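Note sheet for the following structure.
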Amino acid sequence: MTLSRRTVLKGSAAALATGFTLNGRAPAIAQAANRTLKFIPHANLSSIDPIGTTGYVVRNHGYMVYDTLYSFDSQFKPKPQMAEGHEVSTDGKTYTIRLREGLKFHDGEPVRSRDVVASLKRWAARDGFGQTVMALTDEMPVIDDRTFQFRLKEPFPLLIEALGKPSSPVPFIMPERIAQTDPATPIKEAIGSGPFRFLANEWVPGSRAAYARFEGYVPRNEPIDGHAGGKVVHLDRVEWVIIPDPATATAALQRGEVDWYEQPQGDLLPVLEQSRDITITSFDPIGTVVLLRFNHLHPPFDNPKVRQAVLAAASQNDYMTAMVGNPKLFRECKSFFPCGTPMSTGAGGEAMIANLDKAKAMLRDSGYKGEKVVIISPTDLAYLHTLGLVTEDLLKRLGMNVELVATDWGTVLARRASQEAPDKGGWNIFHTTAVGVEFMSPTSHLALRGHGRAAWPGWPTNPTIEKLRQDSLKSGSLDEQRAIAAQMEREAFTAAPYVPIGQYQLPTAMRRNITGLIAASAPFVWNIRKA
Amino acid sequence: MTIETAVAPILVAPPMVRRRFWRRHPTIFAGAAILAVMILVALLAPWLGTIDPTQLSPIRRLRPPSETYWFGTDLLGRDVYSRTLYGGRISLFVGFTVATLALAAGLFLGLVTGFIRVVDGILMRVMDGLMAIPAILLAIALVSLTQASVQNVIIAITIAEIPRVTRLVRSVVLTLREQPFVEAAYATGTRLPVILVRHILPNTLAPLIVQGTYICAAAIIAESILSFIGAGTPPTVPTWGNIIAEGRSYFQVAPHIIFFPALFLSLTVLGVNLLGDGLRDLLDPRLASRH
Amino acid sequence: MITFILRRLVAAVPVLAVVTILVFSLLYFAPGDPATIIGGDLATPEEIARIRSVLGLDQPFHVRLAIFLGQLLTGDLGTSIFSNLPVTHLIAQRIEPTLALATVTILFSIAVAIPLGTLSAWKAEALIDRLVMVVSVLGFSIPVFVLGYGLIWLFAIKLQWLPVQGYTPLSQGVGPWLANLVLPTLSLSTVYIALIARITRASLLEVLAQDYVRTAKAKGLGDRKVLGHALGNAAVPIATIVGIGIALLIGGVVVTETVFAIPGLGRLLVDAILRRDYPIIQGVILLFAAVYVLINLMIDISYAVFDPRIRY
């Protein structure tokens, strides 16, 4: 146990503040408790490499420790964050980006252009959007310590959007010596230039992680707006308390042993709502999208008519009620882009009629020959498994021959990668969820892509969508992008690369003395105050 | 099955003894009665007003007990009453199968190690090796690294239980083989199989039954722990364990989901244990010889 | 006696070797792979193949076993695949809570169970015996986690007496340390109290039925003395069950640690199993095995002490 005297004092002060009376301490220390935030993240922080691991919990850790060149405001427009600003050459092929003055890493070193270039290269090796950027980039020369350039092969209006990408993996900036680690090898040190320092010696994977305010962080002057604006910190210390059991975590918040529970289970909200000391709110304005993915390589879902029948049968309301429960937390969203984001047009969404009888007729006419449908479903992720059960039930009623293969998430991921036939270790259907920002843009929308066996598991082949994606890379204005998105949606509702089965808001629960929560796609702790 | 063969002599006992049986052995009577009811309820599940235990009904989720849903509904709107009754089939099957398999294997291995010194050294080191991994962790590892199915759950719990039975049998044998009556049998040239059947087996029976009931009960509970950890039977196969495990997060909002299966589970384990305790008192040859 | 102890100590080495190879093979042949979990939801097959080769997971069985054994001989348990921290460091971080919970539980259980079992045996068939047995059996019949939630609901949420979760190191004072341990200990010890009490009663009854005890009683030896005598003779099975109980306890700790969010070794191991973090699984199981072998060895020695008739 490596606990400093300071943490010991703080720990007992926190205990005191929460009504724990077995040890008496001077009330003066209670002041320190107001500067320490105890937070239950939605999952265990098992890795500290936000580039190598795409789990959202690692991304959220990344936002504590690192900063980004650009970040999205609440209108999804990229704004400079570490960058002071940029200039674009008249041919649109050279971007000159300048860093803000006085940026420092937690090890005391200044942030230099070469750190940024190395970080972006490592990120681009792991990120789809990043790969697109690098494919269009000739070179990234360092001009001086605070200036570097992107020299592009052709104009790419979305470059700044890519650098401000809020979804996982986020292009976080780290020191060059760490960023030079092979992208497939996890980094060993968490050194960034963000508002909090990671206290590596207090990290107990599976139990806790701790962060201290970084005194050297200079926030921007603009007010906070989504991910953009000045990150002003009102806390000295943030402790992540990992409690995997939802019932225990709920009880811990009820008793005030923690201040903030990131993802309480929807069904437990009534318990928390009863407490006068707890606020239930939500930080992510877009929410999470849910999808049912077909395998396009094997019967029966190599046949678009069978996919259409399932699309017509699926009731978003049934799925979302089973998965989320509380109707205040979910909405139907008949669109391939998250509802409430600029690209979501819902064009062609009328194909989702949720009518079992019509769907049965469609299936009869499709040429479905009773092939077995293998649904792979993880039992260790209850919310996903629920979707598997609902689909199994739906397809049975539709008249299909269904087998639900229930395993753990690791096995599902491994099996999902197999392009073999379902009876030879492959699959027909899986379900997953994605944070809405992942699917916000026609360019980075992985699940829509139709480049066959190279695509995201499910491997649809759809030249129309691929063509539209290419167009979107070159389009500048929002209207142009929306027009392309509408065409993509219309095509997708016909080809059904997957079935969108809804969108939900993750609730978050905090003690009433916590204020200043920012609407953003991750739980940010800057701007938060503890009374 | 050990417990059944143990019951057999009671059934052929003289009429007078049979009449006063429940007075003399209330624990056996109570235990057997509870267990019999549970077995009957599990077997007769389809005729006891149940519906399909896997049928989903998302709009009727988390309903409290009512006239339609006697035990309420769970997080997916499935009928907890039907799930509990059908779940009993699997839970009881797991308990009995594990007990039978573990006792048979453990008895065999225990007798071998207790009598054949050459084998003893090697086999006990292997058993020590297996036993060195805590039973439930071994079972968790076996199930979660292979695949969740009833069969794998049974195999995993059995493997984890075998070394304990072996060790128990061996320790009894070690004590017994120094006893005068065994030494005498040896001295008079009685062959080993005869010694085993005549002297050793009857004496291992009592501790084995205690252990057997314990294993049966432990297996039912171990199954629930596997489900709790997330390495249990798939949720499409209801067992008491996974109904409780699935509903455990809701203990504040919908306590009925865990209350009823937990009640059935606990009653059954109680019944098995009472039966075992009673049988132990009844069957112990030295206790019996007092009368 | 010393040669016996030495011989058993030497014999422990192959047992640990057996455990090592067993666990290693189990992990090697089990389906599923940490690379897919690291790669995450959006990884391509090429990325996964690369992660696999960086981790050395594409090496054949004998190469990986040789690397693992080589590390082991230098006292290196490897590095966690996910956190990239040394396994020895992860174990050191978590040993205290598990040790504390296990020790407190076993001491509490023995202190309650042996007197209960003795009372029960002495008053066999009497009301008090029935009562003790039914209560102990009841404790035995409720899954640990159900009991744990019940205790949380009553003592933490309704009465607000005790904390719900977490662990406070002993260095921060006995009060807070105990406060965090009370509920986990209560839920965990019920099973062991039941187990030890039952065995104590059963073994005592057996001893009490034997001729020499009846002779002693007939000769007018006092109840207390007879009981003391009998307990000594019943010690072998009791010691066995306490020893086995300690191994069971390590297993039971996993559930308790999960319910009460205690950062111990059990949860470290289960998290690692579910994620397939091979080095942690191997390291922690080996540690448990070593502890267990040691305890077994001590029990074997205690047999020879308690019961001079057993000689090796």
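As shown in the structure tokens, the chain order sets the letters A, B, ...; within each chain, residues go from 1, and ligands are also counted from 1 in the order they appear.
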**Report entry** Neighbours of chain C in chain B at 8 Å, counting only C-alpha atoms, as number ranges by chain
**Finding:** B: 125-126, 128-137, 140-142, 144-146, 164, 174-175, 178, 217, 221, 224-225, 228-229, 248, 251-252, 262, 265-267, 269-270, 273-274, 286-287, 290
Selected residues, C-alpha atoms, written as a CSV table (one decimal), in the first residue's frame, please.
```
chain,number,residue,atom,x,y,z
B,125,ARG,CA,0.3,-34.9,-5.0
B,126,VAL,CA,-2.0,-34.5,-8.0
B,128,ASP,CA,-3.0,-31.6,-3.6
B,129,GLY,CA,-2.3,-29.8,-6.8
B,130,LEU,CA,-6.0,-29.7,-7.8
B,131,MET,CA,-7.1,-28.9,-4.3
B,132,ALA,CA,-4.5,-26.1,-4.1
B,133,ILE,CA,-6.7,-24.2,-6.4
B,134,PRO,CA,-9.8,-23.1,-4.4
B,135,ALA,CA,-12.8,-25.1,-5.6
B,136,ILE,CA,-15.0,-22.3,-6.7
B,137,LEU,CA,-12.1,-20.5,-8.5
B,140,ILE,CA,-15.1,-20.4,-12.4
B,141,ALA,CA,-11.9,-20.8,-14.5
B,142,LEU,CA,-13.1,-24.0,-16.0
B,144,SER,CA,-15.5,-19.2,-18.1
B,145,LEU,CA,-12.6,-20.4,-20.1
B,146,THR,CA,-14.7,-23.0,-21.9
B,164,ARG,CA,-12.0,-33.1,-1.0
B,174,LEU,CA,-5.8,-44.0,7.5
B,175,THR,CA,-7.4,-44.1,10.9
B,178,GLU,CA,-4.6,-49.1,12.2
B,217,ALA,CA,-26.0,-28.5,-1.2
B,221,ILE,CA,-25.0,-23.0,-4.1
B,224,SER,CA,-25.6,-19.8,-8.1
B,225,ILE,CA,-22.1,-18.3,-7.3
B,228,PHE,CA,-23.3,-14.4,-9.8
B,229,ILE,CA,-19.7,-14.1,-11.1
B,248,ARG,CA,-29.7,-9.3,-7.7
B,251,PHE,CA,-32.9,-6.1,-4.6
B,252,GLN,CA,-34.1,-2.7,-3.6
B,262,ALA,CA,-33.7,-17.8,-3.0
B,265,LEU,CA,-32.9,-22.8,-3.1
B,266,SER,CA,-32.5,-22.3,0.6
B,267,LEU,CA,-35.3,-24.6,1.5
B,269,VAL,CA,-30.4,-27.0,0.7
B,270,LEU,CA,-31.9,-27.0,4.2
B,273,ASN,CA,-28.7,-31.1,4.9
B,274,LEU,CA,-31.4,-32.1,7.4
B,286,ARG,CA,-21.2,-47.4,16.3
B,287,LEU,CA,-24.0,-45.1,17.3
B,290,ARG,CA,-25.4,-48.6,21.4
```
Requested in this report: Enumerate as a list in words the residues belonging to chain C that approach chain A to within 7 Å, with only C-alpha atoms taken into account.
Outcome: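 So the residues of chain C near chain A are Gly32, Asp33, Thr36, Ile37, Ile38, Gly39, Gly40, Thr44, Pro45, Arg50, Ile51, Val54, Phe82, Ser83, Asn84, Gln93, Ile157, Val164, Gln165, Gln172, Gly175, Pro176, Thr258, Val259, Phe260, Ala261, Pro263 and Leu268 of chain C.
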Limited to N, CA and C atoms, could you put the picked residues into a file as a short mmCIF file (atom, residue, chain, number, x, y, z; two decimals), in the first residue's frame?
```cif
data_model
loop_
_atom_site.label_atom_id
_atom_site.label_comp_id
_atom_site.auth_asym_id
_atom_site.auth_seq_id
_atom_site.Cartn_x
_atom_site.Cartn_y
_atom_site.Cartn_z
N GLY C 32 -10.96 -18.13 -26.88
CA GLY C 32 -10.98 -16.73 -26.43
C GLY C 32 -9.57 -16.22 -26.30
N ASP C 33 -9.42 -14.91 -26.35
CA ASP C 33 -8.11 -14.36 -26.56
C ASP C 33 -8.10 -12.91 -26.08
N THR C 36 -8.42 -9.84 -28.82
CA THR C 36 -9.71 -9.34 -29.32
C THR C 36 -10.33 -8.36 -28.34
N ILE C 37 -10.08 -8.59 -27.04
CA ILE C 37 -10.67 -7.70 -26.04
C ILE C 37 -9.93 -6.36 -26.04
N ILE C 38 -8.60 -6.42 -26.19
CA ILE C 38 -7.83 -5.18 -26.25
C ILE C 38 -8.23 -4.38 -27.49
N GLY C 39 -8.33 -5.09 -28.61
CA GLY C 39 -8.68 -4.43 -29.88
C GLY C 39 -10.01 -3.72 -29.79
N GLY C 40 -10.93 -4.31 -29.06
CA GLY C 40 -12.22 -3.67 -28.84
C GLY C 40 -13.19 -3.86 -29.98
N THR C 44 -9.95 -4.12 -36.59
CA THR C 44 -9.94 -4.98 -37.77
C THR C 44 -9.12 -6.24 -37.45
N PRO C 45 -9.31 -7.33 -38.24
CA PRO C 45 -8.55 -8.55 -38.01
C PRO C 45 -7.03 -8.32 -38.06
N ARG C 50 -1.88 -8.13 -35.12
CA ARG C 50 -0.68 -7.42 -34.68
C ARG C 50 -0.55 -7.40 -33.17
N ILE C 51 -1.68 -7.13 -32.51
CA ILE C 51 -1.67 -7.13 -31.05
C ILE C 51 -1.22 -8.50 -30.54
N VAL C 54 2.48 -8.91 -30.92
CA VAL C 54 3.22 -8.10 -29.95
C VAL C 54 3.20 -8.77 -28.57
N PHE C 82 -3.28 -6.10 -19.76
CA PHE C 82 -4.09 -4.90 -19.93
C PHE C 82 -3.45 -3.66 -19.28
N SER C 83 -3.08 -3.78 -18.02
CA SER C 83 -2.60 -2.60 -17.32
C SER C 83 -1.11 -2.40 -17.52
N ASN C 84 -0.42 -3.44 -18.01
CA ASN C 84 1.02 -3.35 -18.23
C ASN C 84 1.79 -3.19 -16.93
N GLN C 93 -0.44 -5.03 -4.05
CA GLN C 93 -1.47 -4.01 -3.81
C GLN C 93 -2.70 -4.60 -3.13
N ILE C 157 -28.10 0.69 4.60
CA ILE C 157 -29.08 1.62 4.03
C ILE C 157 -30.14 2.01 5.05
N VAL C 164 -21.16 0.65 3.16
CA VAL C 164 -21.64 -0.31 2.18
C VAL C 164 -20.48 -1.10 1.58
N GLN C 165 -19.42 -0.40 1.25
CA GLN C 165 -18.41 -1.02 0.40
C GLN C 165 -17.03 -0.50 0.75
N GLN C 172 -4.86 2.83 8.89
CA GLN C 172 -5.67 4.01 9.15
C GLN C 172 -6.50 3.88 10.41
N GLY C 175 -10.56 1.02 14.11
CA GLY C 175 -12.00 1.31 14.01
C GLY C 175 -12.51 1.27 12.59
N PRO C 176 -11.98 2.14 11.71
CA PRO C 176 -12.44 2.15 10.30
C PRO C 176 -12.18 0.81 9.62
N THR C 258 -16.66 -9.05 -4.28
CA THR C 258 -17.45 -8.43 -5.35
C THR C 258 -18.64 -7.67 -4.78
N VAL C 259 -19.36 -8.32 -3.85
CA VAL C 259 -20.54 -7.66 -3.28
C VAL C 259 -20.14 -6.38 -2.56
N PHE C 260 -19.06 -6.44 -1.77
CA PHE C 260 -18.70 -5.28 -0.95
C PHE C 260 -17.60 -4.43 -1.58
N ALA C 261 -17.31 -4.66 -2.85
CA ALA C 261 -16.30 -3.90 -3.57
C ALA C 261 -15.00 -3.77 -2.78
N PRO C 263 -11.08 -4.40 -2.62
CA PRO C 263 -10.02 -4.60 -3.60
C PRO C 263 -9.05 -5.71 -3.21
N LEU C 268 -9.29 -9.57 -8.15
CA LEU C 268 -8.21 -9.44 -9.15
C LEU C 268 -8.24 -10.65 -10.07
#
```
Query raised in the report: Which one of B:Val169, B:Ile39, B:Leu123, B:Ile162 sits closest to Leu111 of chain B if you count only C-alpha atoms?
Result: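 Using only C-alpha atoms, the shortest distance to Leu111 of chain B belongs to B:Val169.
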Each chain B residue no farther than 10 Å from chain A, nearest pair in Å, only C-alpha atoms, as a tab-separated table:
```
residue	atom	partner	partner_atom	distance
B:Thr54	CA	A:Leu389	CA	9.1
B:Gln55	CA	A:Asp393	CA	7.9
B:Leu56	CA	A:Val390	CA	7.4
B:Ser57	CA	A:Ala322	CA	8.1
B:Pro58	CA	A:Ala322	CA	4.8
B:Ile59	CA	A:Thr321	CA	6.7
B:Arg60	CA	A:Ala322	CA	9.5
B:Arg61	CA	A:Ala322	CA	7.8
B:Leu62	CA	A:Asp267	CA	8.8
B:Leu75	CA	A:Ala322	CA	7.6
B:Leu76	CA	A:Ala322	CA	5.8
B:Gly77	CA	A:Ala322	CA	8.2
B:Ser144	CA	A:Asp408	CA	7.6
B:Leu145	CA	A:Asp408	CA	9.2
B:Thr146	CA	A:Thr407	CA	9.2
B:Gln147	CA	A:Thr407	CA	6.4
B:Ala148	CA	A:Thr407	CA	6.4
B:Ser149	CA	A:Ala406	CA	9.1
B:Ser227	CA	A:Asp380	CA	9.8
B:Ile229	CA	A:Asp380	CA	8.9
B:Gly230	CA	A:Asp380	CA	5.6
B:Ala231	CA	A:Asp380	CA	8.0
B:Gly232	CA	A:Thr379	CA	9.2
B:Thr233	CA	A:Ala406	CA	9.5
B:Pro234	CA	A:Ala406	CA	6.3
B:Pro235	CA	A:Thr379	CA	7.5
B:Thr236	CA	A:Leu389	CA	8.3
B:Glu246	CA	A:Ala382	CA	8.5
B:Arg248	CA	A:Ala247	CA	7.3
B:Ser249	CA	A:Ala247	CA	4.6
B:Tyr250	CA	A:Leu268	CA	6.6
B:Phe251	CA	A:Ala247	CA	7.4
B:Gln252	CA	A:Val271	CA	6.9
B:Val253	CA	A:Val271	CA	6.6
B:Ala254	CA	A:Asp267	CA	9.3
```
Query - Per-residue DSSP, segment 27-155 of chain B, filtered to helix (DSSP H, G or I), as a ChimeraX atom specification - result: /B:27-43,45-47,58-60,80-115,117-131,135-145,150-155
Query - Nearest candidate to Asp120 of chain B (options B:Thr166, B:Leu176, B:Ala139, B:Ala104; using only C-alpha atoms) - result: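 For Asp120 of chain B, the nearest of the given residues is B:Thr166.
Non-sequential neighbours of Val80 of chain B (distance at most 8 Å, separation of 5 or more positions within a chain, only C-alpha atoms) are B:Pro53, B:Tyr69, B:Trp70, B:Phe71, B:Gly72, B:Thr73, B:Asp74, B:Ile257.
Note that the spacing between atom CA of Pro523 of chain A and atom CA of Phe283 of chain A amounts to 6.6 Å.
For the atom pair formed by atom CA of Phe337 of chain A and atom CA of Met440 of chain A, the distance is 5.7 Å, given to one decimal.
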Query raised in the report: Which distance in Å separates atom CA of Gly56 of chain C and atom CA of Ala200 of chain A, to one decimal?
Result: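 Taking atom CA of Gly56 of chain C as the start and atom CA of Ala200 of chain A as the end point, the length is 26.0 Å.
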Would you list the contacts of segment 62-68 of chain C as a short mmCIF file (atom, residue, chain, number, x, y, z; two decimals) with N, CA and C atoms, in the first residue's frame, taking every protein, DNA or RNA residue within 10 Å and counting only C-alpha atoms, but skipping same-chain residues closer than 4 positions in sequence?
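Writing done, so here's selection.cif:
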```
data_model
loop_
_atom_site.label_atom_id
_atom_site.label_comp_id
_atom_site.auth_asym_id
_atom_site.auth_seq_id
_atom_site.Cartn_x
_atom_site.Cartn_y
_atom_site.Cartn_z
N THR C 20 1.24 -25.34 -11.93
CA THR C 20 1.71 -24.41 -12.96
C THR C 20 1.36 -24.91 -14.35
N ILE C 21 1.72 -26.18 -14.60
CA ILE C 21 1.51 -26.71 -15.95
C ILE C 21 0.01 -26.88 -16.23
N PHE C 24 -1.37 -23.40 -16.89
CA PHE C 24 -0.85 -22.90 -18.17
C PHE C 24 -1.56 -23.58 -19.34
N SER C 25 -1.72 -24.91 -19.25
CA SER C 25 -2.36 -25.63 -20.35
C SER C 25 -3.82 -25.23 -20.48
N TYR C 28 -3.92 -22.08 -22.21
CA TYR C 28 -3.47 -22.18 -23.60
C TYR C 28 -4.57 -22.77 -24.48
N GLY C 56 2.99 -11.89 -28.06
CA GLY C 56 3.59 -13.22 -28.12
C GLY C 56 2.57 -14.33 -28.08
N LEU C 57 1.29 -14.00 -28.32
CA LEU C 57 0.25 -15.03 -28.24
C LEU C 57 0.24 -15.93 -29.47
N ASP C 58 1.02 -15.56 -30.50
CA ASP C 58 1.04 -16.40 -31.69
C ASP C 58 2.14 -17.45 -31.62
N LEU C 72 9.46 -17.41 -14.27
CA LEU C 72 9.05 -17.85 -12.95
C LEU C 72 10.27 -18.13 -12.07
N LEU C 73 11.30 -18.76 -12.69
CA LEU C 73 12.49 -19.13 -11.93
C LEU C 73 13.24 -17.90 -11.41
N ASP C 76 9.85 -13.70 -11.45
CA ASP C 76 9.07 -12.73 -12.22
C ASP C 76 7.78 -13.39 -12.65
N LEU C 77 6.66 -12.82 -12.24
CA LEU C 77 5.37 -13.42 -12.61
C LEU C 77 4.82 -12.80 -13.89
N GLY C 78 5.59 -11.97 -14.53
CA GLY C 78 5.13 -11.38 -15.79
C GLY C 78 4.42 -10.07 -15.58
N PRO C 279 -1.21 -13.57 -17.53
CA PRO C 279 -0.18 -13.51 -16.47
C PRO C 279 -0.79 -13.36 -15.07
N GLN C 282 -2.33 -16.79 -13.95
CA GLN C 282 -1.27 -17.73 -13.56
C GLN C 282 -0.65 -17.33 -12.23
#
```
